[in-house]
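Okay, input_12.cif now, which holds mmCIF, C-alpha atoms:
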data_target
#
loop_
_atom_site.label_atom_id
_atom_site.label_comp_id
_atom_site.auth_asym_id
_atom_site.auth_seq_id
_atom_site.Cartn_x
_atom_site.Cartn_y
_atom_site.Cartn_z
CA MET C 1 219.46 4.88 16.89
CA ARG C 2 217.64 6.41 19.84
CA VAL C 3 216.78 10.12 19.90
CA ARG C 4 218.82 10.48 23.09
CA ASP C 5 221.92 9.45 21.18
CA LEU C 6 221.42 12.38 18.80
CA VAL C 7 221.02 15.02 21.53
CA ARG C 8 224.06 17.15 22.33
CA GLU C 9 225.81 15.69 25.34
CA HIS C 10 225.49 18.74 27.61
CA LEU C 11 221.71 18.85 27.08
CA LYS C 12 220.90 15.25 28.00
CA GLY C 13 220.50 15.85 31.71
CA LEU C 14 219.32 19.46 31.52
CA PRO C 15 215.90 19.94 33.16
CA ARG C 16 213.39 22.65 32.38
CA THR C 17 213.55 25.71 34.62
CA VAL C 18 210.99 26.19 37.41
CA HIS C 19 209.05 29.44 37.81
CA GLY C 20 206.38 30.81 40.13
CA GLY C 21 203.08 32.45 39.24
CA THR C 22 201.12 29.21 38.89
CA ALA C 23 198.36 29.79 41.44
CA TRP C 24 195.92 30.70 38.63
CA LYS C 25 195.60 26.94 38.10
CA LEU C 26 194.25 26.53 41.63
CA GLU C 27 190.77 27.40 42.82
CA ASN C 28 190.36 30.08 45.51
CA VAL C 29 194.09 30.71 45.93
CA GLU C 30 195.48 34.26 45.79
CA ASP C 31 198.88 34.27 44.10
CA TYR C 32 201.61 36.00 46.11
CA SER C 33 204.33 33.93 44.45
CA HIS C 34 204.69 36.22 41.44
CA ASN C 35 205.84 39.84 41.32
CA LEU C 36 203.42 41.51 38.90
CA ASN C 37 201.84 44.94 39.20
CA PRO C 38 199.10 44.05 41.72
CA PHE C 39 196.65 46.53 40.21
CA GLY C 40 196.51 44.61 36.96
CA PRO C 41 196.74 46.15 33.49
CA PRO C 42 195.31 49.59 32.65
CA GLU C 43 191.57 49.70 31.96
CA ALA C 44 192.30 50.59 28.34
CA LEU C 45 193.86 47.20 27.62
CA SER C 46 190.75 45.57 26.14
CA GLU C 47 190.18 48.54 23.85
CA LEU C 48 193.80 48.42 22.69
CA VAL C 49 193.56 44.72 21.88
CA ASN C 50 190.37 45.31 19.91
CA GLU C 51 192.04 48.13 17.96
CA ALA C 52 194.86 45.79 16.97
CA ILE C 53 192.59 42.99 15.71
CA GLY C 54 192.27 44.71 12.34
CA HIS C 55 195.99 44.23 11.72
CA ILE C 56 196.22 40.44 12.18
CA GLY C 57 195.40 39.72 8.53
CA HIS C 58 198.97 40.48 7.47
CA TYR C 59 202.44 39.80 8.82
CA PRO C 60 203.52 42.08 11.65
CA ASP C 61 206.27 44.63 11.17
CA ASP C 62 209.36 42.47 11.61
CA SER C 63 211.44 45.47 12.66
CA CYS C 64 208.89 46.66 15.28
CA SER C 65 209.88 50.17 14.19
CA ASP C 66 207.06 52.11 15.88
CA LEU C 67 207.47 50.26 19.17
CA ARG C 68 211.25 50.64 19.10
CA GLN C 69 210.84 54.39 18.63
CA VAL C 70 208.50 54.67 21.63
CA ILE C 71 210.87 52.64 23.80
CA ALA C 72 213.86 54.67 22.59
CA ASP C 73 212.06 57.90 23.52
CA HIS C 74 211.18 56.49 26.94
CA HIS C 75 214.80 55.60 27.74
CA GLN C 76 216.37 58.48 25.80
CA VAL C 77 218.37 56.22 23.51
CA ASP C 78 218.53 55.71 19.74
CA PRO C 79 215.96 53.31 18.16
CA GLU C 80 218.90 51.38 16.71
CA GLU C 81 219.93 50.65 20.31
CA VAL C 82 216.64 48.76 20.93
CA ILE C 83 215.69 45.19 20.07
CA ILE C 84 212.24 43.74 20.74
CA GLY C 85 211.65 40.25 22.08
CA SER C 86 208.81 37.92 22.87
CA GLY C 87 209.18 38.75 26.54
CA SER C 88 212.54 39.49 28.11
CA SER C 89 212.99 35.71 28.08
CA GLU C 90 213.80 35.96 24.37
CA ILE C 91 216.47 38.57 25.08
CA ILE C 92 217.86 36.27 27.78
CA ARG C 93 217.90 33.40 25.28
CA ASN C 94 219.46 35.30 22.40
CA PHE C 95 222.28 36.95 24.35
CA PRO C 96 224.38 33.78 24.88
CA HIS C 97 223.58 32.60 21.34
CA VAL C 98 225.49 35.67 20.12
CA PHE C 99 228.21 36.20 22.71
CA LEU C 100 228.93 32.81 24.32
CA GLY C 101 230.00 29.40 23.10
CA PRO C 102 231.43 26.07 24.28
CA GLY C 103 234.26 26.59 26.75
CA ASP C 104 233.27 30.15 27.65
CA ARG C 105 232.36 30.98 31.23
CA ALA C 106 229.41 33.00 32.50
CA LEU C 107 229.62 34.34 36.06
CA ILE C 108 226.16 34.45 37.64
CA PRO C 109 225.34 35.49 41.22
CA ARG C 110 223.00 33.01 42.90
CA PRO C 111 220.16 32.90 43.76
CA THR C 112 218.82 34.65 40.69
CA PHE C 113 216.52 34.10 37.72
CA ALA C 114 217.07 30.55 36.49
CA GLU C 115 216.84 31.30 32.76
CA TYR C 116 220.30 32.92 32.69
CA ALA C 117 222.11 29.71 33.59
CA GLN C 118 219.71 27.62 31.52
CA GLN C 119 220.37 29.50 28.29
CA CYS C 120 224.12 29.68 28.88
CA THR C 121 224.14 25.91 29.34
CA VAL C 122 222.14 25.42 26.14
CA VAL C 123 224.93 27.02 24.08
CA GLY C 124 227.57 24.97 25.87
CA ALA C 125 228.98 27.66 28.12
CA LYS C 126 230.02 26.84 31.69
CA VAL C 127 228.13 28.60 34.47
CA ILE C 128 230.16 29.80 37.45
CA ASP C 129 228.11 30.55 40.56
CA LEU C 130 228.80 33.52 42.80
CA LEU C 131 226.85 32.64 45.94
CA LEU C 132 225.11 35.66 47.48
CA LEU C 133 225.32 35.53 51.25
CA ASP C 134 222.72 36.30 53.90
CA ALA C 135 225.56 37.73 55.99
CA GLU C 136 226.10 40.29 53.21
CA ASP C 137 222.37 41.02 52.91
CA PHE C 138 222.39 39.10 49.58
CA ARG C 139 224.11 42.03 47.91
CA ILE C 140 226.87 41.78 45.33
CA ASP C 141 230.36 42.06 46.77
CA VAL C 142 232.14 43.81 43.88
CA GLU C 143 235.62 42.74 44.92
CA ARG C 144 234.56 39.10 45.29
CA LEU C 145 232.75 39.19 41.92
CA LEU C 146 235.67 40.71 40.03
CA HIS C 147 238.07 38.25 41.67
CA ARG C 148 236.12 35.36 40.10
CA ILE C 149 236.65 36.68 36.56
CA THR C 150 239.17 34.60 34.60
CA PRO C 151 240.47 34.86 31.00
CA SER C 152 237.73 32.44 29.91
CA THR C 153 234.96 34.52 31.53
CA LYS C 154 232.94 36.11 28.74
CA ALA C 155 229.87 37.40 30.59
CA VAL C 156 228.64 38.55 34.00
CA TYR C 157 224.92 38.51 34.78
CA ILE C 158 223.24 40.96 37.17
CA CYS C 159 219.53 41.15 38.00
CA ASN C 160 218.43 44.47 39.51
CA PRO C 161 216.25 44.20 41.58
CA ASN C 162 217.48 40.68 41.99
CA ASN C 163 214.92 37.91 41.65
CA PRO C 164 214.27 36.33 44.16
CA THR C 165 216.08 38.37 46.85
CA GLY C 166 214.53 41.75 46.01
CA ARG C 167 217.81 43.56 46.62
CA ILE C 168 218.59 46.65 44.53
CA GLU C 169 222.12 47.71 43.64
CA PRO C 170 222.80 51.44 43.00
CA ARG C 171 223.68 52.63 39.50
CA LYS C 172 227.19 53.68 40.53
CA LYS C 173 227.99 50.16 41.70
CA ILE C 174 226.60 48.55 38.53
CA LEU C 175 228.53 50.88 36.24
CA GLU C 176 231.71 50.26 38.24
CA ILE C 177 231.31 46.56 37.43
CA VAL C 178 230.51 47.31 33.77
CA GLU C 179 233.57 49.56 33.40
CA THR C 180 235.94 47.05 34.99
CA CYS C 181 234.48 44.24 32.88
CA ARG C 182 234.95 46.33 29.75
CA HIS C 183 238.68 46.48 30.37
CA LYS C 184 238.67 42.69 30.78
CA ASP C 185 236.65 42.13 27.55
CA VAL C 186 233.74 40.76 29.55
CA MET C 187 230.10 41.38 28.66
CA VAL C 188 227.55 42.42 31.30
CA PHE C 189 223.95 41.28 30.98
CA LEU C 190 221.85 43.54 33.22
CA ASP C 191 218.23 42.50 33.82
CA GLU C 192 216.05 45.45 34.89
CA THR C 193 212.67 43.85 34.17
CA LEU C 194 211.48 44.44 37.75
CA LEU C 195 212.92 47.91 38.23
CA SER C 196 210.15 50.13 36.86
CA LEU C 197 207.89 49.10 39.75
CA VAL C 198 210.31 50.78 42.17
CA PRO C 199 209.83 54.51 42.91
CA ASP C 200 212.38 56.79 41.21
CA TYR C 201 213.72 53.86 39.20
CA GLN C 202 215.17 56.33 36.67
CA ASP C 203 217.86 57.18 39.21
CA ILE C 204 218.87 53.51 39.41
CA SER C 205 218.46 52.27 35.84
CA CYS C 206 221.47 51.96 33.56
CA ALA C 207 219.32 51.76 30.42
CA SER C 208 220.16 55.24 29.17
CA PHE C 209 223.89 54.48 29.45
CA VAL C 210 224.04 51.66 26.91
CA GLY C 211 225.41 53.94 24.19
CA SER C 212 228.44 54.67 26.35
CA TYR C 213 229.53 51.05 26.74
CA ASP C 214 230.28 48.35 24.20
CA ASN C 215 229.85 45.51 26.72
CA LEU C 216 226.45 46.27 28.31
CA ILE C 217 223.07 44.78 27.43
CA VAL C 218 220.03 45.83 29.51
CA ALA C 219 216.92 43.65 29.43
CA GLU C 220 213.51 45.18 30.10
CA SER C 221 209.92 43.92 29.97
CA LEU C 222 206.31 45.06 30.13
CA THR C 223 205.25 41.81 31.79
CA LYS C 224 205.63 42.86 35.41
CA SER C 225 205.09 46.61 35.12
CA PHE C 226 201.77 46.37 33.26
CA ALA C 227 200.74 42.94 34.62
CA ILE C 228 200.41 41.40 31.16
CA PRO C 229 202.38 38.12 31.29
CA GLY C 230 200.04 36.65 28.67
CA ILE C 231 201.15 39.32 26.18
CA ARG C 232 204.78 38.52 25.53
CA ILE C 233 206.73 41.76 25.19
CA GLY C 234 210.27 42.43 26.31
CA TYR C 235 213.20 44.33 24.88
CA GLY C 236 216.93 44.74 25.07
CA LEU C 237 219.03 47.89 25.01
CA GLY C 238 222.64 48.04 23.89
CA ASN C 239 224.95 49.93 21.59
CA LYS C 240 224.16 49.73 17.88
CA GLN C 241 226.72 47.09 17.02
CA MET C 242 225.58 44.80 19.83
CA ILE C 243 221.93 45.15 18.85
CA GLU C 244 222.79 44.52 15.20
CA ASN C 245 224.39 41.22 16.17
CA MET C 246 221.56 40.29 18.55
CA ASP C 247 219.18 40.81 15.66
CA LYS C 248 220.93 38.06 13.66
CA VAL C 249 219.59 35.35 15.98
CA ARG C 250 216.14 36.86 16.53
CA MET C 251 213.31 34.78 15.13
CA SER C 252 211.54 36.57 12.26
CA TRP C 253 208.11 38.03 13.13
CA ASN C 254 208.79 37.21 16.78
CA VAL C 255 206.28 39.80 18.04
CA GLY C 256 202.75 39.90 16.68
CA ALA C 257 200.75 42.91 15.54
CA VAL C 258 198.54 42.84 18.65
CA GLU C 259 201.54 42.81 20.99
CA GLN C 260 203.26 45.61 19.11
CA HIS C 261 200.23 47.90 19.15
CA VAL C 262 199.30 47.23 22.78
CA SER C 263 202.87 47.72 23.99
CA LYS C 264 203.43 50.87 21.99
CA VAL C 265 200.34 52.60 23.41
CA LEU C 266 200.91 51.36 26.97
CA MET C 267 204.48 52.68 27.00
CA ARG C 268 203.56 55.96 25.34
CA ASP C 269 200.26 56.85 27.01
CA HIS C 270 199.82 54.78 30.17
CA PHE C 271 203.12 54.68 32.01
CA ASP C 272 201.55 56.69 34.82
CA HIS C 273 199.79 53.41 35.72
CA VAL C 274 203.20 51.93 36.53
CA VAL C 275 204.40 55.01 38.43
CA LYS C 276 201.28 54.98 40.62
CA ALA C 277 201.67 51.27 41.37
CA ALA C 278 205.32 51.72 42.33
CA ARG C 279 204.44 54.46 44.80
CA LEU C 280 201.63 52.50 46.44
CA MET C 281 203.65 49.29 46.65
CA ALA C 282 206.49 51.09 48.38
CA GLU C 283 204.01 52.15 51.06
CA GLU C 284 202.65 48.60 51.33
CA ARG C 285 206.18 47.16 51.49
CA ASP C 286 206.88 49.16 54.65
CA TRP C 287 203.47 48.41 56.11
CA MET C 288 203.95 44.70 55.51
CA PHE C 289 207.38 44.71 57.15
CA ASN C 290 205.89 46.05 60.38
CA ARG C 291 202.99 43.58 60.29
CA LEU C 292 205.33 40.64 59.59
CA LYS C 293 207.35 41.58 62.67
CA GLU C 294 204.16 41.75 64.74
CA ILE C 295 203.03 38.21 63.81
CA GLY C 296 206.46 36.70 64.41
CA PHE C 297 207.42 36.03 60.82
CA PRO C 298 211.25 35.95 60.54
CA VAL C 299 211.95 39.16 58.65
CA ASP C 300 214.95 41.33 59.55
CA ARG C 301 214.70 44.29 57.18
CA PRO C 302 212.27 45.89 54.73
CA SER C 303 212.60 44.86 51.11
CA ASP C 304 214.39 47.21 48.72
CA SER C 305 211.70 46.53 46.15
CA TYR C 306 208.19 45.11 46.41
CA PHE C 307 208.73 41.45 47.22
CA TYR C 308 210.19 39.64 50.21
CA PHE C 309 212.71 36.81 50.36
CA ASN C 310 213.09 35.19 53.75
CA SER C 311 214.23 32.00 55.41
CA VAL C 312 211.65 30.06 57.43
CA GLN C 313 214.29 27.90 59.11
CA SER C 314 213.73 29.59 62.48
CA LEU C 315 210.14 28.31 62.30
CA ARG C 316 211.60 24.78 62.14
CA THR C 317 210.20 24.12 58.70
CA ASN C 318 211.23 24.30 55.08
CA ALA C 319 209.81 26.28 52.16
CA ALA C 320 207.77 23.40 50.73
CA GLU C 321 205.96 22.73 54.01
CA PHE C 322 205.44 26.42 54.70
CA GLN C 323 204.04 26.89 51.19
CA ASP C 324 201.52 24.12 51.88
CA ARG C 325 200.49 25.68 55.20
CA VAL C 326 199.97 29.08 53.58
CA LYS C 327 198.05 27.49 50.71
CA ASP C 328 195.63 26.05 53.27
CA SER C 329 194.80 29.67 54.10
CA GLY C 330 194.13 30.49 50.44
CA PHE C 331 197.46 32.03 49.39
CA MET C 332 200.48 30.96 47.34
CA VAL C 333 204.07 31.87 48.21
CA ARG C 334 207.12 30.82 46.18
CA ASP C 335 209.09 27.83 47.38
CA CYS C 336 212.66 28.87 46.53
CA ALA C 337 214.14 25.35 46.58
CA SER C 338 214.45 25.53 42.79
CA PHE C 339 217.20 28.15 43.24
CA GLY C 340 219.39 25.39 44.72
CA ARG C 341 220.95 24.86 48.12
CA PRO C 342 220.82 26.48 50.65
CA PHE C 343 217.56 28.12 49.54
CA GLU C 344 215.20 25.21 50.18
CA LYS C 345 214.31 27.00 53.41
CA TYR C 346 213.50 30.33 51.74
CA VAL C 347 210.19 31.69 50.48
CA ARG C 348 209.40 34.69 48.29
CA PHE C 349 206.22 36.71 48.26
CA CYS C 350 205.10 40.05 46.87
CA VAL C 351 203.03 42.93 48.20
CA LYS C 352 199.69 44.04 46.78
CA ASP C 353 197.00 46.47 47.92
CA ARG C 354 196.11 46.94 51.60
CA MET C 355 192.94 44.85 51.64
CA ARG C 356 194.61 41.81 50.12
CA ASN C 357 197.78 42.32 52.14
CA GLU C 358 195.82 42.28 55.40
CA ALA C 359 194.26 38.97 54.42
CA PHE C 360 197.63 37.61 53.32
CA VAL C 361 199.35 38.53 56.59
CA GLN C 362 196.54 36.81 58.45
CA GLY C 363 197.16 33.75 56.27
CA LEU C 364 200.84 33.82 57.23
CA HIS C 365 199.87 34.16 60.88
CA ASP C 366 197.61 31.12 60.60
CA ALA C 367 200.37 29.16 58.88
CA ILE C 368 202.82 30.01 61.64
CA GLY C 369 200.23 28.98 64.20
CA SER C 370 199.67 25.64 62.47
CA LEU C 371 203.40 24.93 62.93
CA GLY C 372 202.95 25.23 66.69
CA TRP C 373 204.28 28.76 67.21
#
Encoded form (structure tokens):
Amino acid sequence: MRVRDLVREHLKGLPRTVHGGTAWKLENVEDYSHNLNPFGPPEALSELVNEAIGHIGHYPDDSCSDLRQVIADHHQVDPEEVIIGSGSSEIIRNFPHVFLGPGDRALIPRPTFAEYAQQCTVVGAKVIDLLLLDAEDFRIDVERLLHRITPSTKAVYICNPNNPTGRIEPRKKILEIVETCRHKDVMVFLDETLLSLVPDYQDISCASFVGSYDNLIVAESLTKSFAIPGIRIGYGLGNKQMIENMDKVRMSWNVGAVEQHVSKVLMRDHFDHVVKAARLMAEERDWMFNRLKEIGFPVDRPSDSYFYFNSVQSLRTNAAEFQDRVKDSGFMVRDCASFGRPFEKYVRFCVKDRMRNEAFVQGLHDAIGSLGW
């Protein structure tokens, strides 16, 4: 018997998901395809890692109690409403393993982070796309979303800011969806992993509201905010019963002693590093919009967040070719073809500090010129 014959039928043709942030493999290429804090981690990171080395001779605290308390204090929730993951990707994985099964439907706006659909498919759930439209500024149409909910719909996914579009939905709109879904016995998975790098994110976040709803899970991460993708720390927030059930599928000792210590101190003592970055990137976002208009790059409006998502169709090219042209100038942008049609003509790129942004815009200008414009 071949191995393929033993694999569950719905997994046989399932490919791995595609992500950005791979320019570190290339020599002399500045990565604008990811959306990390451009100022890197706090200077104290090395010291924190060294402090934690003394704890690797024994198993880490499986409950992550100290870290959960710090996160609970940060979001003004109860520690029992917090679950820690090896990156938010583990929270994304575990959610459907608890709340979805074969025959269930998950309604997911598209384009968005590919792992949602991937993990729903793994458990045998059916993914229903809600195509976000350029004509609607890639924002969620609440009426259209709620209309797509059927009796077999068990979950709705929302990414805020949405990856890759960068659009931010207000708290009132999100909670309207959550409340309506609650009456329909539908879960809402809300991904806020990019939100803390937006100024005044506390006025947008729904994290502190999880105790008020029995159908809301909020995913968060330190990856983007502290620019530490190599240290896998994420977490989920939900009411106590939801977190208790999420904990049943969590891998034991999923977060090491080094990660727990580093994350605890960063969240408790260094969050000003994130606040400062958010403020500076908002300034650079607006500066970049004006410069993009000046060089003839097809951008219609400033980003809500700190990364841009734009079609290059008017330049008579596609994302793959444009990515190659920009790479020739020493920069990497994200080819968004992996988000499916019609996004093979869209690219995503972040903002950083002024010096690097000036060089990046010049790289875009050169790429546009190489296309004959």
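Here CA of Phe307 in chain C is placed at a distance of 23.4 Å from CA of Leu371 in chain C.
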Give me the residues within 8 Å of range 111-118 of chain C as an NGL selection string, counting all atoms listed in the file and dropping any in the same chain fewer than 3 places off. :C and (17-18 or 89 or 92-93 or 108 or 121-122 or 127 or 131-132 or 157 or 159 or 162-165 or 339-340 or 343)
Could you dump the residues just selected with C-alpha atoms as a PDB file, in the coordinates of the input?
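Generated output (result_16.pdb):
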ATOM      1  CA  THR C  17     213.550  25.710  34.620  1.00  0.00           C
ATOM      2  CA  VAL C  18     210.990  26.190  37.410  1.00  0.00           C
ATOM      3  CA  SER C  89     212.990  35.710  28.080  1.00  0.00           C
ATOM      4  CA  ILE C  92     217.860  36.270  27.780  1.00  0.00           C
ATOM      5  CA  ARG C  93     217.900  33.400  25.280  1.00  0.00           C
ATOM      6  CA  ILE C 108     226.160  34.450  37.640  1.00  0.00           C
ATOM      7  CA  THR C 121     224.140  25.910  29.340  1.00  0.00           C
ATOM      8  CA  VAL C 122     222.140  25.420  26.140  1.00  0.00           C
ATOM      9  CA  VAL C 127     228.130  28.600  34.470  1.00  0.00           C
ATOM     10  CA  LEU C 131     226.850  32.640  45.940  1.00  0.00           C
ATOM     11  CA  LEU C 132     225.110  35.660  47.480  1.00  0.00           C
ATOM     12  CA  TYR C 157     224.920  38.510  34.780  1.00  0.00           C
ATOM     13  CA  CYS C 159     219.530  41.150  38.000  1.00  0.00           C
ATOM     14  CA  ASN C 162     217.480  40.680  41.990  1.00  0.00           C
ATOM     15  CA  ASN C 163     214.920  37.910  41.650  1.00  0.00           C
ATOM     16  CA  PRO C 164     214.270  36.330  44.160  1.00  0.00           C
ATOM     17  CA  THR C 165     216.080  38.370  46.850  1.00  0.00           C
ATOM     18  CA  PHE C 339     217.200  28.150  43.240  1.00  0.00           C
ATOM     19  CA  GLY C 340     219.390  25.390  44.720  1.00  0.00           C
ATOM     20  CA  PHE C 343     217.560  28.120  49.540  1.00  0.00           C
TER      21      PHE C 343
END
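With distances restricted to all atoms listed in the file, C:Ser205 is the closest residue to Gln76 in chain C from C:Ser205, C:Asn35, C:Asn310, C:Asn160.
Across C:Lys352, C:Arg171, C:Arg148, C:His74, the tightest approach to Tyr32 in chain C is made by C:Lys352 when counting all atoms listed in the file.
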Report as a PyMOL selection string all protein, DNA and RNA residues lying within 12 Å of Ala219 in chain C, evaluated on only C-alpha atoms, omitting residues in the same chain fewer than 4 positions from it. chain C and resi 81-95+116+157-160+188-196+205-207+210+233-238+243
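Residues in contact with Ser225 in chain C at 10 Å, where only C-alpha atoms are counted and same-chain residues fewer than 5 positions away are skipped, are listed as Asn35, Leu36, Asn37, Pro38, Phe39, Gly40, Pro41, Thr193, Leu194, Leu195, Ser196, Leu197, Val198, Glu220, Phe271, His273, Val274, Val275, Ala277 and Ala278 of chain C.
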Using all atoms listed in the file and a cutoff of 10 Å, can you tell me which residues are near (200.3, 37.9, 57.0) in the file's coordinates, and write them out as an MDAnalysis selection string? chainID C and resid 288:289 291:297 326 356:368
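Going from CA of Leu130 in chain C over to CA of Asp304 in chain C, you cover 20.7 Å.
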Using all atoms listed in the file, which residue out of C:Gln69, C:Asn239, C:Gln260, C:Ser208 lies closest to Leu222 in chain C? C:Gln260
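For the set C:Ser152, C:Gln202, C:Ser303, C:Ser252, the residue with the smallest atom-to-atom gap to Val351 in chain C is C:Ser303, counting only C-alpha atoms.
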The PyMOL selection byres ((chain C and resi 53-57) around 10) resolved against shown file, as a ChimeraX atom specification: /C:48-52,58-60,256-258,261
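Each of C:Lys184, C:Arg334, C:His147, C:Arg316 was checked against Cys350 in chain C using only C-alpha atoms; the smallest atom-to-atom distance is that of C:Arg334.
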Could N, CA and C atoms be built for range 27-41 of chain C and written out as a PDB file, in the frame of the given file?
ATOM      1  N   GLU C  27     192.022  26.722  42.499  1.00  0.00           N
ATOM      2  CA  GLU C  27     190.770  27.400  42.820  1.00  0.00           C
ATOM      3  C   GLU C  27     190.864  28.072  44.187  1.00  0.00           C
ATOM      4  N   ASN C  28     190.441  29.330  44.246  1.00  0.00           N
ATOM      5  CA  ASN C  28     190.360  30.080  45.510  1.00  0.00           C
ATOM      6  C   ASN C  28     191.730  30.239  46.189  1.00  0.00           C
ATOM      7  N   VAL C  29     192.761  30.456  45.386  1.00  0.00           N
ATOM      8  CA  VAL C  29     194.090  30.710  45.930  1.00  0.00           C
ATOM      9  C   VAL C  29     194.608  32.027  45.342  1.00  0.00           C
ATOM     10  N   GLU C  30     194.934  32.971  46.213  1.00  0.00           N
ATOM     11  CA  GLU C  30     195.480  34.260  45.790  1.00  0.00           C
ATOM     12  C   GLU C  30     196.987  34.117  45.616  1.00  0.00           C
ATOM     13  N   ASP C  31     197.483  34.512  44.441  1.00  0.00           N
ATOM     14  CA  ASP C  31     198.880  34.270  44.100  1.00  0.00           C
ATOM     15  C   ASP C  31     199.785  35.393  44.598  1.00  0.00           C
ATOM     16  N   TYR C  32     200.567  35.085  45.630  1.00  0.00           N
ATOM     17  CA  TYR C  32     201.610  36.000  46.110  1.00  0.00           C
ATOM     18  C   TYR C  32     202.998  35.510  45.715  1.00  0.00           C
ATOM     19  N   SER C  33     203.046  34.479  44.857  1.00  0.00           N
ATOM     20  CA  SER C  33     204.330  33.930  44.450  1.00  0.00           C
ATOM     21  C   SER C  33     204.942  34.673  43.280  1.00  0.00           C
ATOM     22  N   HIS C  34     204.153  35.450  42.557  1.00  0.00           N
ATOM     23  CA  HIS C  34     204.690  36.220  41.440  1.00  0.00           C
ATOM     24  C   HIS C  34     205.014  37.643  41.888  1.00  0.00           C
ATOM     25  N   ASN C  35     205.529  38.456  40.973  1.00  0.00           N
ATOM     26  CA  ASN C  35     205.840  39.840  41.320  1.00  0.00           C
ATOM     27  C   ASN C  35     205.348  40.780  40.223  1.00  0.00           C
ATOM     28  N   LEU C  36     204.060  40.646  39.889  1.00  0.00           N
ATOM     29  CA  LEU C  36     203.420  41.510  38.900  1.00  0.00           C
ATOM     30  C   LEU C  36     202.860  42.764  39.563  1.00  0.00           C
ATOM     31  N   ASN C  37     202.600  43.780  38.741  1.00  0.00           N
ATOM     32  CA  ASN C  37     201.840  44.940  39.200  1.00  0.00           C
ATOM     33  C   ASN C  37     200.525  44.450  39.788  1.00  0.00           C
ATOM     34  N   PRO C  38     200.284  44.638  41.089  1.00  0.00           N
ATOM     35  CA  PRO C  38     199.100  44.050  41.720  1.00  0.00           C
ATOM     36  C   PRO C  38     197.791  44.704  41.308  1.00  0.00           C
ATOM     37  N   PHE C  39     197.870  45.828  40.615  1.00  0.00           N
ATOM     38  CA  PHE C  39     196.650  46.530  40.210  1.00  0.00           C
ATOM     39  C   PHE C  39     196.201  46.120  38.815  1.00  0.00           C
ATOM     40  N   GLY C  40     196.904  45.111  38.260  1.00  0.00           N
ATOM     41  CA  GLY C  40     196.510  44.610  36.960  1.00  0.00           C
ATOM     42  C   GLY C  40     196.855  45.584  35.845  1.00  0.00           C
ATOM     43  N   PRO C  41     196.450  45.260  34.617  1.00  0.00           N
ATOM     44  CA  PRO C  41     196.740  46.150  33.490  1.00  0.00           C
ATOM     45  C   PRO C  41     195.835  47.372  33.496  1.00  0.00           C
TER      46      PRO C  41
END
